[in-house]
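Reading through the structure tokens given below for one structure.
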Amino acid sequence: MAGIYFHIPFCKTHCHYCDFHTSCRLADLPGVMEAEFKELSLRKNYLGPEAVDTVYLGGGTPSLLDLEYLTKTQNLVRHIFEVNEDAEWTLEANPDDLDQKYLFDLQKSGFNRLSIGTQSFDGEILKYLNRRHDAQQAIRSVLLAREAGFQNISVDLIYGIPGLSKEAWERSVDMVIDLDVEHLSAYHLTYHAGTVLYQRLKDGKLSEVPDEVSLGQYEYLIKALKKAGYEHYEVSNFAKGGFYSRHNSAYWKGQKYLGIGPAAHSYDGKSRQWNIRSNPEYVQLINRNEQFFEIEELSEVDRYNEYIITSLRTIWGIEVTRIEETYNKVLAAYFKQKLDKYIGSDLVYIENQVVRLTEKGIFVSDRIMEDFFYV
Ligand code: SF4
């Protein structure tokens, strides 16, 4: 099983917390898309014989693409790769781009999963983040998607935002539950260098939310979603009825994926590759048939550390036998020594030779992962 990711590096405006590679020069979109289609053909052998199980258009704002681009993407992927019949086709969308016609076009072009960037259902918080949509548009976009026939809808929330009250956070979480979406990703606000919020923090114009407040918001999230029947299948992700994100799961399970477009990453089991983070340079290099990416061969230690970080975050956990069979004796012994330290603690548990985080462990997952890292 393998995945394909397309990065659509354009947004109408820039959100105050975002450090993704994106540009507001929408006039460049046709050139970048043509280059992406060319890259797809150039890299037809990257995934080897593996069938594609998930295709994901992320960004940026993929919902800026019209029906012609969506259909072309579908046709090209199907023409070049072997794609499973029930493959997941996800499009990330901004609530303000979604109307009935667009959603109908999306369905028609074969996309069967929608990841809507709601971020919050609170109007003031949306303004603070400089999102283009308001709370009503966030709700309406989910309802319209359902009406259009989407049966696999994901939304996003951000917590730990200065000014986000307990009540406003709980209302947003409750709204997700009321909307009955299949999937939720919820992330703590991060202050990335170069963003507006980072600059305000540096200038002393805002203060980070105290840890106990963030923790309280995360606790409410977990409790409320669990009660509503969602499975907490990854530290920041929740799904109902087994609707895990296949795209993200492929990454966490170490499967191969091909990343197309500026700043997109790829992984073939042995190396990681990342494309140049500039739209004009990407287009030029692709059109001149020159190298548009950097590549790093992964050492055994890199692969061990990646396995720890990706698997411990999920309900699938770390397989002890995989560690013993895949990595050298030094790494296997190191892992065992670390594991012994945690046996009997209330942070991890072992069942059928699989190590998973307990509910308490999830709150300190970063610390535990770091502890297992081999440096
Ligand atoms: S819409 Fe998404 S990608 Fe674009 S600036 Fe906002 S958060 Fe970043």
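FYI, nothing fancy with the structure tokens labels: chains A, B, ... in order, residues from 1 per chain, ligands from 1 as they appear.
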Counting only C-alpha atoms and all ligand atoms, what are the residues of chain A within 6 Å of ligand 1, and for each of them which pair of atoms is the nearest and at what distance in Å, to one decimal? Sort the table by chain and rising number, as CSV.
```
residue,atom,partner,partner_atom_place_in_ligand_line,distance
A:Cys11,CA,ligand 1,4 (Fe),4.7
A:His14,CA,ligand 1,5 (S),4.0
A:Cys15,CA,ligand 1,6 (Fe),4.2
A:Cys18,CA,ligand 1,8 (Fe),4.5
A:Phe20,CA,ligand 1,8 (Fe),5.6
A:Gly59,CA,ligand 1,3 (S),5.2
A:Gly60,CA,ligand 1,3 (S),3.6
A:Thr61,CA,ligand 1,1 (S),5.8
```
Strand (DSSP E) residues, from DSSP on the backbone, in stretch 209-370 of chain A, as a ChimeraX atom specification: /A:231-234,237-239,256-260,265-267,271-275,293-297,318-319,348-351,354-357
For the residues selected in the previous step, produce a file with C-alpha atoms as a short mmCIF file (atom, residue, chain, number, x, y, z; two decimals), in the first residue's frame.
```cif
data_model
loop_
_atom_site.label_atom_id
_atom_site.label_comp_id
_atom_site.auth_asym_id
_atom_site.auth_seq_id
_atom_site.Cartn_x
_atom_site.Cartn_y
_atom_site.Cartn_z
CA GLU A 231 -11.64 6.59 19.05
CA HIS A 232 -8.53 8.50 20.05
CA TYR A 233 -6.33 6.72 17.53
CA GLU A 234 -3.40 9.12 17.46
CA ASN A 237 -6.54 12.55 15.89
CA PHE A 238 -9.94 11.04 16.59
CA ALA A 239 -12.18 8.90 14.38
CA LYS A 256 5.79 4.63 1.08
CA TYR A 257 4.44 7.92 -0.15
CA LEU A 258 5.16 10.16 -3.07
CA GLY A 259 4.94 13.91 -2.46
CA ILE A 260 4.32 16.11 -5.50
CA HIS A 265 8.14 15.29 1.05
CA SER A 266 8.47 11.70 -0.15
CA TYR A 267 9.52 8.47 1.51
CA SER A 271 15.33 7.58 2.00
CA ARG A 272 13.47 10.83 2.47
CA GLN A 273 13.23 13.39 -0.26
CA TRP A 274 11.95 16.95 -0.11
CA ASN A 275 11.17 19.26 -2.99
CA PHE A 293 14.69 18.01 -4.58
CA GLU A 294 17.15 17.07 -1.88
CA ILE A 295 17.51 13.54 -0.67
CA GLU A 296 18.71 11.93 2.54
CA GLU A 297 19.44 8.23 2.93
CA ILE A 318 5.43 -0.24 19.03
CA GLU A 319 5.79 -3.92 18.14
CA VAL A 348 2.70 2.79 28.94
CA TYR A 349 1.31 -0.74 28.85
CA ILE A 350 2.24 -3.89 26.92
CA GLU A 351 -0.30 -6.24 25.42
CA VAL A 354 2.85 -4.25 21.63
CA VAL A 355 3.74 -1.13 23.64
CA ARG A 356 1.09 1.57 23.80
CA LEU A 357 0.59 4.79 25.73
#
```
Tell me which protein, DNA and RNA residues are within 10 Å of A:Cys24, counting only C-alpha atoms, leaving out same-chain ones fewer than 3 positions away, and put them as an MDAnalysis selection string. chainID A and resid 9:14 27:29 60
For A:Ile309, the nearest of the candidates A:Gly204, A:Gly229, A:Gly254, A:Pro262, counting only C-alpha atoms: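 Checking each candidate against A:Ile309, we get A:Gly254 as the closest.
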Separation of atom CA of A:Asn287 from atom CA of A:Gly269, in Å and rounded to one decimal: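 That distance, rounded to one decimal, is 27.7 Å.
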Please report the interatomic distance between atom CA of A:Glu281 and atom CA of A:Gln74 in Å with one decimal.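 Computing the Euclidean distance for atom CA of A:Glu281 and atom CA of A:Gln74 yields 25.6 Å.
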Would you kindly return, as a list in words, each protein, DNA or RNA residue with an atom no farther than 9 Å from any atom of stretch 65-68 of chain A, considering only C-alpha atoms and excluding same-chain residues fewer than 5 positions away?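 The residues satisfying every condition are Ile8, Leu29, Thr73, Tyr102, Asp105, Leu106, Lys108 and Ser109 of chain A.
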Just how far from atom CA of A:Leu179 is atom CA of A:Ile139, in Å to one decimal?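 Taking atom CA of A:Ile139 as the start and atom CA of A:Leu179 as the end point, the length is 7.8 Å.
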Residues within 10 Å of stretch 181-187 of chain A, please, as JSON, numbers by chain. Count only C-alpha atoms; anything in the same chain fewer than 4 positions from it doesn't count. {"A": [113, 114, 115, 116, 117, 119, 120, 142, 143, 146, 151, 152, 153, 154, 155, 156, 157, 158, 159, 160, 173, 175, 176, 177, 218, 221, 225, 230, 231, 232, 234, 235, 236, 237, 238, 239, 240, 241, 242, 243, 244, 245]}
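Among A:Glu124, A:Glu88, A:Asp371, A:Asp99, the residue with the shortest atom-to-atom distance to A:Phe111, counting only C-alpha atoms, is A:Glu88.
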Shortest interatomic distance to A:Asn84 - which of A:Gly344, A:Pro62, A:Pro280, A:Gly3, counting only C-alpha atoms: A:Gly3
In stretch 91-218 of chain A, DSSP helix (DSSP H, G or I) residues written as a VMD selection string: chain A and resid 95 to 97 100 to 108 123 to 128 135 to 147 166 to 179 196 to 202 211 to 218
Excluding A:Glu34 and residues on its chain fewer than 4 positions from it, collect all residues at most 12 Å away from it, counting only C-alpha atoms, and give them as a list of chain:residue names. A:Ile8, A:Asp28, A:Leu29, A:Pro30, A:Lys38, A:Glu39, A:Leu40, A:Ser41, A:Tyr69, A:Lys72, A:Thr73, A:Leu76, A:Ile260, A:Gly261, A:Asn279, A:Tyr282, A:Val283, A:Gln284, A:Ile286, A:Asn287
Considering only C-alpha atoms, state which residue in the set A:Ile161, A:Thr22, A:Ala148, A:Asp53 is at the smallest distance from A:Lys101. A:Ala148
Residue neighbourhood A:Lys338, 12 Å, only C-alpha atoms, exclusion window fewer than 5 positions, as a PyMOL selection string: chain A and resi 308+331-333+343+348+355+368-374
Export of prior selection with C-alpha atoms as a compact mmCIF listing (two decimals), in the first residue's frame:
```txt
# COMPACT_ATOMS: atom_id res chain seq x y z
CA ILE A 308 9.43 5.17 17.72
CA LEU A 331 19.37 -0.64 19.24
CA ALA A 332 17.26 -3.59 20.36
CA ALA A 333 19.08 -3.68 23.73
CA ILE A 343 7.15 -1.39 32.88
CA VAL A 348 2.70 2.79 28.94
CA VAL A 355 3.74 -1.13 23.64
CA ILE A 368 8.35 9.43 26.47
CA MET A 369 9.22 9.41 22.76
CA GLU A 370 12.34 11.46 23.41
CA ASP A 371 13.35 9.02 26.11
CA PHE A 372 13.21 6.09 23.65
CA PHE A 373 15.18 8.00 21.01
CA TYR A 374 18.69 6.77 20.29
```
For a quick check of understanding, using only C-alpha atoms, which of A:Asp203, A:Asp174, A:Asp97, A:Asp346 has the smallest distance to A:Ala228? A:Asp174
